[in-house]
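**Q** Sharing target_0.txt, compact mmCIF, C-alpha atoms (C1' of nucleotides):
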```txt
# COMPACT_ATOMS: atom_id res chain seq x y z
CA MET A 1323 -37.66 -1.41 2.27
CA LYS A 1324 -41.31 -0.79 2.93
CA TYR A 1325 -43.13 2.20 4.33
CA GLU A 1326 -46.61 3.37 5.22
CA LYS A 1327 -48.28 6.54 6.36
CA ASP A 1328 -49.42 6.88 9.95
CA GLY A 1329 -51.20 10.20 10.37
CA ARG A 1330 -48.60 12.87 9.75
CA ASP A 1331 -45.74 10.39 10.14
CA ILE A 1332 -44.05 7.82 7.94
CA ILE A 1333 -43.40 4.37 9.33
CA LEU A 1334 -40.36 2.82 7.69
CA TYR A 1335 -39.53 -0.87 7.71
CA GLN A 1336 -35.87 -1.36 6.90
CA GLN A 1337 -33.45 -4.13 7.75
CA ASP A 1338 -29.72 -3.56 8.29
CA PHE A 1339 -30.44 -0.18 9.87
CA ASP A 1340 -29.76 0.95 13.41
CA LEU A 1341 -30.19 4.56 14.38
CA ASP A 1342 -27.40 4.78 16.95
CA GLU A 1343 -24.94 2.96 14.71
CA THR A 1344 -25.75 5.09 11.68
CA LEU A 1345 -26.23 8.57 13.12
CA ASP A 1346 -23.69 8.42 15.94
CA CYS A 1347 -20.74 6.66 14.35
CA GLY A 1348 -18.67 9.64 13.28
CA GLN A 1349 -19.92 10.05 9.71
CA ALA A 1350 -22.38 12.86 10.51
CA PHE A 1351 -22.19 15.43 13.28
CA ARG A 1352 -25.53 17.24 13.29
CA TRP A 1353 -27.81 14.55 14.72
CA GLN A 1354 -28.78 15.01 18.33
CA LYS A 1355 -30.02 12.18 20.45
CA ASP A 1356 -33.09 12.88 22.55
CA ASN A 1357 -32.63 10.88 25.73
CA THR A 1358 -36.02 11.83 27.14
CA GLN A 1359 -37.83 9.47 24.76
CA LYS A 1360 -38.34 5.81 25.48
CA ASN A 1361 -37.40 4.89 21.92
CA VAL A 1362 -34.02 5.85 20.44
CA THR A 1363 -34.74 9.24 18.89
CA TYR A 1364 -32.65 11.70 16.90
CA THR A 1365 -33.34 15.16 15.55
CA GLY A 1366 -31.31 16.75 12.80
CA ALA A 1367 -31.51 17.90 9.23
CA TYR A 1368 -30.31 17.29 5.71
CA LEU A 1369 -30.04 20.30 3.39
CA ASN A 1370 -31.88 22.12 6.15
CA VAL A 1371 -34.92 19.87 5.90
CA PRO A 1372 -35.47 18.98 9.56
CA LEU A 1373 -36.29 15.49 10.80
CA ASN A 1374 -37.21 13.75 14.01
CA ILE A 1375 -36.70 10.01 13.62
CA SER A 1376 -37.07 7.27 16.18
CA GLN A 1377 -36.51 3.54 16.19
CA GLU A 1378 -39.56 1.75 17.55
CA SER A 1379 -38.06 -1.72 17.34
CA GLU A 1380 -35.54 -3.59 15.24
CA GLY A 1381 -36.09 -2.55 11.64
CA VAL A 1382 -39.02 -0.21 12.41
CA PHE A 1383 -38.68 3.57 12.32
CA ARG A 1384 -40.97 6.57 12.70
CA LEU A 1385 -40.20 9.71 10.70
CA LYS A 1386 -42.22 12.37 12.49
CA ASP A 1387 -44.21 14.97 10.55
CA THR A 1388 -42.94 13.72 7.23
CA ASP A 1389 -45.06 13.57 4.08
CA GLU A 1390 -44.58 11.01 1.38
CA ASP A 1391 -42.99 13.44 -1.07
CA THR A 1392 -40.33 14.55 1.40
CA PHE A 1393 -39.68 10.96 2.37
CA LYS A 1394 -39.11 9.95 -1.23
CA SER A 1395 -37.20 13.02 -2.36
CA VAL A 1396 -35.01 13.53 0.72
CA TRP A 1397 -34.82 10.70 3.26
CA TYR A 1398 -34.93 7.74 0.91
CA GLY A 1399 -31.71 8.99 -0.63
CA TYR A 1400 -30.10 10.29 2.54
CA PHE A 1401 -30.41 6.98 4.38
CA ASP A 1402 -29.33 5.11 1.23
CA LEU A 1403 -32.46 2.98 1.35
CA GLU A 1404 -32.03 1.72 -2.20
CA THR A 1405 -28.86 -0.14 -1.28
CA ASN A 1406 -29.01 -3.68 0.01
CA TYR A 1407 -26.62 -3.73 2.94
CA GLY A 1408 -27.40 -7.37 3.64
CA GLU A 1409 -25.75 -8.30 0.36
CA ILE A 1410 -22.81 -6.03 1.05
CA LYS A 1411 -22.23 -7.57 4.49
CA GLU A 1412 -22.49 -11.05 3.03
CA ARG A 1413 -19.78 -10.24 0.51
CA LEU A 1414 -17.50 -8.59 3.08
CA SER A 1415 -17.96 -11.48 5.49
CA LYS A 1416 -15.82 -13.75 3.33
CA ASP A 1417 -13.05 -12.31 5.46
CA ARG A 1418 -13.04 -13.45 9.10
CA THR A 1419 -12.33 -10.09 10.70
CA MET A 1420 -14.70 -8.25 8.39
CA ALA A 1421 -17.37 -10.79 9.32
CA LYS A 1422 -16.95 -9.88 12.98
CA ALA A 1423 -17.06 -6.16 12.24
CA CYS A 1424 -20.18 -6.56 10.10
CA GLU A 1425 -21.89 -8.53 12.81
CA TYR A 1426 -20.91 -6.07 15.51
CA ALA A 1427 -21.91 -2.95 13.56
CA GLY A 1428 -24.43 -4.45 11.16
CA GLY A 1429 -26.85 -1.53 11.42
CA ILE A 1430 -24.57 1.04 9.88
CA ARG A 1431 -25.66 2.61 6.62
CA LEU A 1432 -23.53 5.02 4.65
CA LEU A 1433 -25.41 8.33 4.66
CA ARG A 1434 -25.57 10.25 1.38
CA GLN A 1435 -24.63 13.65 2.71
CA ASP A 1436 -24.06 16.99 1.07
CA GLY A 1437 -20.61 17.46 -0.46
CA TRP A 1438 -19.82 20.88 0.95
CA GLU A 1439 -21.16 20.05 4.40
CA ALA A 1440 -19.10 16.86 4.55
CA LEU A 1441 -15.97 18.60 3.29
CA CYS A 1442 -16.33 21.41 5.80
CA SER A 1443 -17.19 19.04 8.64
CA PHE A 1444 -14.15 16.87 8.07
CA ILE A 1445 -11.87 19.89 7.79
CA ILE A 1446 -13.10 20.66 11.30
CA SER A 1447 -12.56 17.06 12.36
CA GLN A 1448 -8.79 17.07 11.98
CA ASN A 1449 -6.81 16.57 15.18
CA ASN A 1450 -10.08 16.92 17.07
CA ASN A 1451 -12.48 14.73 19.02
CA ILE A 1452 -16.05 13.94 18.10
CA PRO A 1453 -17.83 15.83 20.92
CA ARG A 1454 -15.89 18.99 20.09
CA ILE A 1455 -16.45 18.56 16.36
CA LYS A 1456 -20.18 18.44 17.08
CA GLY A 1457 -19.85 21.54 19.25
CA ILE A 1458 -18.14 23.58 16.54
CA ILE A 1459 -20.59 22.48 13.82
CA GLY A 1460 -23.48 23.10 16.20
CA ARG A 1461 -22.33 26.68 16.76
CA LEU A 1462 -21.85 27.12 13.02
CA CYS A 1463 -25.39 25.97 12.22
CA GLU A 1464 -26.94 27.89 15.08
CA HIS A 1465 -25.25 31.10 14.05
CA PHE A 1466 -26.20 30.83 10.39
CA LYS A 1467 -29.65 29.23 10.93
CA GLY A 1468 -28.65 25.99 9.25
CA PHE A 1469 -25.45 24.78 7.63
CA PRO A 1470 -24.08 27.84 5.82
CA PRO A 1471 -23.43 27.56 2.07
CA TYR A 1472 -19.83 28.35 1.17
CA GLU A 1473 -20.91 31.64 -0.41
CA LYS A 1474 -21.80 32.88 3.06
CA LEU A 1475 -18.37 32.05 4.46
CA ALA A 1476 -16.06 33.02 1.61
CA ASP A 1477 -15.67 36.67 2.59
CA LEU A 1478 -15.54 36.28 6.34
CA SER A 1479 -12.47 37.10 8.43
CA LEU A 1480 -10.94 34.99 11.16
CA ASP A 1481 -12.47 37.36 13.68
CA ASP A 1482 -15.89 36.73 12.18
CA LEU A 1483 -15.44 33.02 12.91
CA ALA A 1484 -13.93 33.45 16.37
CA PHE A 1485 -17.24 32.44 17.95
CA LEU A 1486 -16.75 28.96 16.52
CA ARG A 1487 -13.67 28.36 18.68
CA ALA A 1488 -12.46 26.15 15.85
CA GLY A 1489 -8.82 26.98 16.50
CA PHE A 1490 -6.38 26.72 13.61
CA ARG A 1491 -9.11 25.16 11.44
CA ALA A 1492 -11.00 28.43 10.92
CA LYS A 1493 -8.57 29.61 8.23
CA TYR A 1494 -9.01 26.29 6.44
CA ILE A 1495 -12.79 26.70 6.37
CA ILE A 1496 -12.46 30.14 4.83
CA ASP A 1497 -9.95 28.92 2.25
CA ALA A 1498 -12.26 26.07 1.25
CA ALA A 1499 -15.21 28.46 0.92
CA LYS A 1500 -13.17 30.86 -1.23
CA LYS A 1501 -11.90 28.14 -3.56
CA LEU A 1502 -15.35 26.62 -4.04
CA ARG A 1503 -16.98 29.97 -4.71
CA GLY A 1504 -14.23 30.93 -7.15
CA GLY A 1505 -14.62 27.66 -9.00
CA GLU A 1506 -10.99 26.76 -8.41
CA VAL A 1507 -12.31 23.62 -6.75
CA ASP A 1508 -15.49 22.24 -8.33
CA LEU A 1509 -17.36 19.62 -6.31
CA GLU A 1510 -19.59 18.72 -9.27
CA ARG A 1511 -16.57 17.74 -11.34
CA ILE A 1512 -14.89 16.04 -8.42
CA LYS A 1513 -17.96 13.88 -7.85
CA THR A 1514 -17.37 11.97 -11.06
CA ALA A 1515 -13.62 12.32 -11.46
CA PRO A 1516 -11.32 9.30 -11.00
CA ILE A 1517 -10.71 8.89 -7.29
CA ASP A 1518 -7.01 9.86 -7.32
CA ARG A 1519 -7.72 12.92 -9.40
CA ALA A 1520 -10.64 13.80 -7.12
CA GLN A 1521 -8.41 13.64 -4.05
CA GLN A 1522 -5.81 15.77 -5.79
CA GLU A 1523 -8.40 18.44 -6.59
CA LEU A 1524 -9.72 18.54 -3.03
CA MET A 1525 -6.19 18.86 -1.69
CA LYS A 1526 -5.85 22.22 -3.45
CA ILE A 1527 -7.66 23.51 -0.38
CA CYS A 1528 -5.38 24.48 2.46
CA GLY A 1529 -6.07 22.16 5.38
CA VAL A 1530 -7.31 19.31 3.21
CA GLY A 1531 -4.98 16.33 3.13
CA PRO A 1532 -5.57 12.72 2.07
CA LYS A 1533 -7.73 11.84 5.06
CA VAL A 1534 -10.12 14.78 4.84
CA ALA A 1535 -10.31 14.43 1.05
CA GLN A 1536 -11.26 10.76 1.28
CA CYS A 1537 -13.90 11.57 3.93
CA ALA A 1538 -15.43 14.26 1.74
CA LEU A 1539 -15.55 11.80 -1.16
CA LEU A 1540 -16.98 8.96 0.89
CA TYR A 1541 -19.55 10.80 2.99
CA GLY A 1542 -20.30 13.81 0.81
CA MET A 1543 -20.15 12.29 -2.66
CA HIS A 1544 -20.92 8.66 -1.92
CA ARG A 1545 -17.72 7.42 -3.48
CA VAL A 1546 -17.78 4.07 -1.71
CA GLU A 1547 -14.30 3.19 -2.99
CA ALA A 1548 -12.81 6.06 -0.96
CA PHE A 1549 -10.88 4.85 2.06
CA PRO A 1550 -10.14 7.41 4.78
CA VAL A 1551 -7.24 6.30 6.96
CA ASP A 1552 -7.26 7.88 10.41
CA VAL A 1553 -5.52 6.82 13.61
CA TRP A 1554 -8.10 4.08 14.25
CA ILE A 1555 -7.96 2.60 10.77
CA LYS A 1556 -4.15 2.72 10.99
CA ARG A 1557 -4.46 0.43 14.01
CA VAL A 1558 -6.80 -1.86 12.08
CA LEU A 1559 -4.34 -2.11 9.22
CA GLN A 1560 -1.37 -2.73 11.50
CA MET A 1561 -3.13 -5.39 13.55
CA TRP A 1562 -5.16 -7.26 10.97
CA TYR A 1563 -4.28 -6.19 7.43
CA PRO A 1564 -0.57 -5.39 7.20
CA ASP A 1565 -0.71 -6.28 3.48
CA GLY A 1566 -3.85 -4.25 2.77
CA LEU A 1567 -7.57 -4.97 2.78
CA PRO A 1568 -8.77 -8.38 1.55
CA LYS A 1569 -10.15 -8.81 -1.96
CA CYS A 1570 -13.79 -8.87 -0.86
CA CYS A 1571 -13.51 -5.16 0.01
CA ARG A 1572 -12.47 -4.16 -3.50
CA GLY A 1573 -14.51 -1.25 -4.74
CA ILE A 1574 -16.38 -0.77 -1.47
CA GLU A 1575 -13.42 0.00 0.79
CA GLY A 1576 -15.32 2.92 2.30
CA ILE A 1577 -18.18 0.77 3.53
CA ALA A 1578 -15.74 -1.79 4.93
CA GLN A 1579 -14.00 1.08 6.64
CA GLN A 1580 -17.23 2.13 8.36
CA TYR A 1581 -17.74 -1.31 9.91
CA LEU A 1582 -14.08 -1.59 10.90
CA PHE A 1583 -13.97 1.91 12.39
CA HIS A 1584 -16.96 1.28 14.62
CA TYR A 1585 -15.74 -2.20 15.52
CA ILE A 1586 -12.25 -1.19 16.63
CA ARG A 1587 -13.42 1.88 18.51
CA THR A 1588 -16.16 0.30 20.57
CA GLY A 1589 -16.45 -3.40 19.78
CA VAL A 1590 -13.11 -5.10 20.20
CA GLN A 1591 -12.69 -4.64 23.95
CA SER A 1592 -16.29 -5.51 24.77
CA GLU A 1593 -16.36 -8.86 22.98
CA LYS A 1594 -15.21 -12.27 24.25
C1' DT B 1115 -0.02 19.22 34.71
C1' DT B 1116 0.09 16.48 30.81
C1' DC B 1117 -1.98 13.93 27.21
C1' DC B 1118 -4.97 13.27 23.45
C1' DA B 1119 -8.45 13.95 19.78
C1' DG B 1120 -11.60 10.66 12.53
C1' DG B 1121 -4.52 15.56 10.33
C1' DC B 1122 -2.14 18.82 8.01
C1' DG B 1123 1.45 22.48 6.82
C1' DT B 1124 6.15 23.40 7.17
C1' DA B 1125 10.98 22.64 7.76
C1' DT B 1126 14.66 19.54 7.17
C1' DC B 1127 17.21 15.70 5.49
C1' DG C 673 9.83 10.74 0.02
C1' DA C 674 10.31 10.30 4.69
C1' DT C 675 10.21 12.03 9.36
C1' DA C 676 9.65 15.51 13.36
C1' DC C 677 7.18 19.20 15.13
C1' DG C 678 3.73 22.86 16.05
C1' DC C 679 -0.96 23.90 15.95
C1' DA C 680 -6.24 26.02 18.97
C1' DT C 681 -9.25 24.14 21.99
C1' DG C 682 -11.20 21.52 25.69
C1' DG C 683 -12.04 17.21 28.23
C1' DA C 684 -9.93 13.43 30.87
```
If you convert what's in this file into structure tokens, what do you get?

**A**
Amino acid sequence: MKYEKDGRDIILYQQDFDLDETLDCGQAFRWQKDNTQKNVTYTGAYLNVPLNISQESEGVFRLKDTDEDTFKSVWYGYFDLETNYGEIKERLSKDRTMAKACEYAGGIRLLRQDGWEALCSFIISQNNNIPRIKGIIGRLCEHFKGFPPYEKLADLSLDDLAFLRAGFRAKYIIDAAKKLRGGEVDLERIKTAPIDRAQQELMKICGVGPKVAQCALLYGMHRVEAFPVDVWIKRVLQMWYPDGLPKCCRGIEGIAQQYLFHYIRTGVQSEK
DNA sequence: TTCCAGGCGTATC
DNA sequence: GATACGCATGGA
């Protein structure tokens, strides 16, 4: 990782990083692609710090209107720039199928997102498709001028959230907000708890099962050993790993999962 | 019209 | 503990 200032912007040099693969691979739902630009460009926010980022060429990025402090205190962490994904891919590639997935989706980085936002987002994701998930979260953020903290949602009624058109998930969002505000579920404790215990705690929330819990842990608390199993990963396991993931994934199952998820969704048909 | 989407709660055995 | 079914909404 290297960076330099360019006027009001930061130019970032970072290998193993592709904007489309990282921001549009189903781990985050608030990044919007700007198709009017000649370079791949996304706008979005983390903790309501806005960002416009574009990829000028392979491994070269422009973070618009970003000062050095904000880069170091917000985006360096968010894009997980301290982690060497080249080493991770090398390790995972001891397995043949993983090697293909890593090569196909080698620009994915695991974003370090906010715990509550990830939890809430993946509650919304259940039995839903990605465009509609983005729609619901978009309406949520528009209405509350940014992603609402759970305190703002805890006392709302279903009618108050009708504008979301979130369907049966609205009551789950409210239950999660109530239990976090009341301290019945404590994300700070969950962050460092053993993974099984952490899942158990998250599942106290109505509408949070194993899949959503593992997503919250992986994307919202950077627990890279979390392994969300959705319909796509079920197919991966059935086809390629009926006896479980290979040894080289041990401890970083979540990162392996990211490569596999992207590979089976968009890569398998297109290769040959 | 029917099916499906990064699942989960409930009923039933 | 395993399995079947309904669930809000909207796009294909």

**Q** Under the rule of at most 10 Å, produce a per-residue listing of chain A near chain C: chain, number, name, the closest pair of atoms, and the distance in Å, as JSON lines, using only C-alpha atoms (C1' of nucleotides).

**A**
```
{"residue": "A:Asn1449", "atom": "CA", "partner": "C:DC679", "partner_atom": "C1'", "distance": 9.4}
{"residue": "A:Asn1450", "atom": "CA", "partner": "C:DT681", "partner_atom": "C1'", "distance": 8.8}
{"residue": "A:Asn1451", "atom": "CA", "partner": "C:DG683", "partner_atom": "C1'", "distance": 9.5}
{"residue": "A:Pro1453", "atom": "CA", "partner": "C:DG683", "partner_atom": "C1'", "distance": 9.4}
{"residue": "A:Arg1454", "atom": "CA", "partner": "C:DG682", "partner_atom": "C1'", "distance": 7.7}
{"residue": "A:Arg1487", "atom": "CA", "partner": "C:DT681", "partner_atom": "C1'", "distance": 6.9}
{"residue": "A:Ala1488", "atom": "CA", "partner": "C:DA680", "partner_atom": "C1'", "distance": 7.0}
{"residue": "A:Gly1489", "atom": "CA", "partner": "C:DA680", "partner_atom": "C1'", "distance": 3.7}
{"residue": "A:Phe1490", "atom": "CA", "partner": "C:DA680", "partner_atom": "C1'", "distance": 5.4}
{"residue": "A:Arg1491", "atom": "CA", "partner": "C:DA680", "partner_atom": "C1'", "distance": 8.1}
{"residue": "A:Ala1492", "atom": "CA", "partner": "C:DA680", "partner_atom": "C1'", "distance": 9.7}
```

**Q** When you look at A:Arg1587 with a cut-off of 10 Å (counting all atoms listed in the file), what residues show up, excluding the ones that are within fewer than 5 positions of it in the same chain? I need them as a list in words.

**A**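 Here the answer would be Cys1347, Trp1554, Ile1555, Val1558 and Leu1582 of chain A.
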
**Q** With a cut-off of 8 Å and counting only C-alpha atoms (C1' of nucleotides), select all residues of chain A in contact with chain B and give the selection as a compact mmCIF listing (two decimals) with C-alpha atoms, keeping the file's coordinate frame.

**A**
```txt
# COMPACT_ATOMS: atom_id res chain seq x y z
CA GLY A 1348 -18.67 9.64 13.28
CA SER A 1447 -12.56 17.06 12.36
CA GLN A 1448 -8.79 17.07 11.98
CA ASN A 1449 -6.81 16.57 15.18
CA ASN A 1450 -10.08 16.92 17.07
CA ASN A 1451 -12.48 14.73 19.02
CA ILE A 1452 -16.05 13.94 18.10
CA GLY A 1529 -6.07 22.16 5.38
CA VAL A 1530 -7.31 19.31 3.21
CA GLY A 1531 -4.98 16.33 3.13
CA LYS A 1533 -7.73 11.84 5.06
CA VAL A 1534 -10.12 14.78 4.84
CA ASP A 1552 -7.26 7.88 10.41
CA VAL A 1553 -5.52 6.82 13.61
CA TRP A 1554 -8.10 4.08 14.25
```

**Q** Give me the residues within 12 Å of A:Asn1361 as an mmCIF file with C-alpha atoms, in the frame of the given file, counting all atoms listed in the file and dropping any in the same chain fewer than 5 places off.

**A**
```
data_model
loop_
_atom_site.group_PDB
_atom_site.id
_atom_site.type_symbol
_atom_site.label_atom_id
_atom_site.label_comp_id
_atom_site.auth_asym_id
_atom_site.auth_seq_id
_atom_site.Cartn_x
_atom_site.Cartn_y
_atom_site.Cartn_z
ATOM 1 C CA LEU A 1341 -30.190 4.560 14.380
ATOM 2 C CA ASP A 1342 -27.400 4.780 16.950
ATOM 3 C CA LYS A 1355 -30.020 12.180 20.450
ATOM 4 C CA ASP A 1356 -33.090 12.880 22.550
ATOM 5 C CA ASN A 1374 -37.210 13.750 14.010
ATOM 6 C CA ILE A 1375 -36.700 10.010 13.620
ATOM 7 C CA SER A 1376 -37.070 7.270 16.180
ATOM 8 C CA GLN A 1377 -36.510 3.540 16.190
ATOM 9 C CA GLU A 1378 -39.560 1.750 17.550
ATOM 10 C CA SER A 1379 -38.060 -1.720 17.340
ATOM 11 C CA GLU A 1380 -35.540 -3.590 15.240
ATOM 12 C CA VAL A 1382 -39.020 -0.210 12.410
ATOM 13 C CA PHE A 1383 -38.680 3.570 12.320
ATOM 14 C CA ARG A 1384 -40.970 6.570 12.700
#
```

**Q** Using Å and a single decimal, report how far atom CA of A:Ala1535 sits from atom CA of A:Gln1521.

**A**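 Between these atoms lies a distance of 5.5 Å.
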
**Q** Just give me the gap between atom CA of A:Cys1442 and atom CA of A:Lys1500 in Å, one decimal is fine.

**A** 12.2 Å

**Q** List the spatial neighbours of A:Glu1404 as JSON, numbers by chain - criterion: any atom at most 8 Å away, all atoms listed in the file, same-chain residues fewer than 3 positions off excluded.

**A** {"A": [1323, 1398, 1399]}

**Q** Just the number, please: distance in Å from atom CA of A:Leu1540 to atom CA of A:Val1371, one decimal.

**A**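 Between atom CA of A:Leu1540 and atom CA of A:Val1371 the gap works out to 21.6 Å.
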
**Q** Point out the residue among A:Pro1471, A:Gly1542, A:Gly1573, A:Gly1566 with the least atom-to-atom distance to A:Gln1435, counting all atoms listed in the file.

**A**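 Among A:Pro1471, A:Gly1542, A:Gly1573, A:Gly1566, it is A:Gly1542 that comes nearest to A:Gln1435.
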
**Q** Kindly indicate which residue among A:Phe1351, A:Trp1438, A:Tyr1407, A:Tyr1472 lies nearest to A:Gly1457, using all atoms listed in the file for the distances.

**A**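 Of the candidates, the smallest distance to A:Gly1457 is held by A:Phe1351.
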
**Q** Need the shell around A:Gly1505: protein/DNA/RNA residues with any atom at most 12 Å away, counting only C-alpha atoms (C1' of nucleotides). Skip same-chain ones fewer than 4 positions apart. Format as a list in words?

**A**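 The residues satisfying every condition are Tyr1472, Glu1473, Ala1476, Ala1498, Ala1499, Lys1500, Lys1501, Leu1509, Glu1510, Arg1511, Ile1512, Glu1523, Leu1524, Lys1526 and Ile1527 of chain A.
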
**Q** Could you take the residues named above and write them with C-alpha atoms, as a PDB file, in the coordinates of the input?

**A**
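Output file result.pdb is given in full below:
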```pdb
ATOM      1  CA  TYR A1472     -19.830  28.350   1.170  1.00  0.00           C
ATOM      2  CA  GLU A1473     -20.910  31.640  -0.410  1.00  0.00           C
ATOM      3  CA  ALA A1476     -16.060  33.020   1.610  1.00  0.00           C
ATOM      4  CA  ALA A1498     -12.260  26.070   1.250  1.00  0.00           C
ATOM      5  CA  ALA A1499     -15.210  28.460   0.920  1.00  0.00           C
ATOM      6  CA  LYS A1500     -13.170  30.860  -1.230  1.00  0.00           C
ATOM      7  CA  LYS A1501     -11.900  28.140  -3.560  1.00  0.00           C
ATOM      8  CA  LEU A1509     -17.360  19.620  -6.310  1.00  0.00           C
ATOM      9  CA  GLU A1510     -19.590  18.720  -9.270  1.00  0.00           C
ATOM     10  CA  ARG A1511     -16.570  17.740 -11.340  1.00  0.00           C
ATOM     11  CA  ILE A1512     -14.890  16.040  -8.420  1.00  0.00           C
ATOM     12  CA  GLU A1523      -8.400  18.440  -6.590  1.00  0.00           C
ATOM     13  CA  LEU A1524      -9.720  18.540  -3.030  1.00  0.00           C
ATOM     14  CA  LYS A1526      -5.850  22.220  -3.450  1.00  0.00           C
ATOM     15  CA  ILE A1527      -7.660  23.510  -0.380  1.00  0.00           C
TER      16      ILE A1527
END
```

**Q** Pick out the residues sitting within 9 Å of A:Leu1539, and hand them over as number ranges by chain; count all atoms listed in the file, and ignore anything fewer than 2 positions along from it in its own chain.

**A** A: 1437, 1440-1441, 1512-1513, 1517, 1520-1521, 1534-1537, 1541-1549
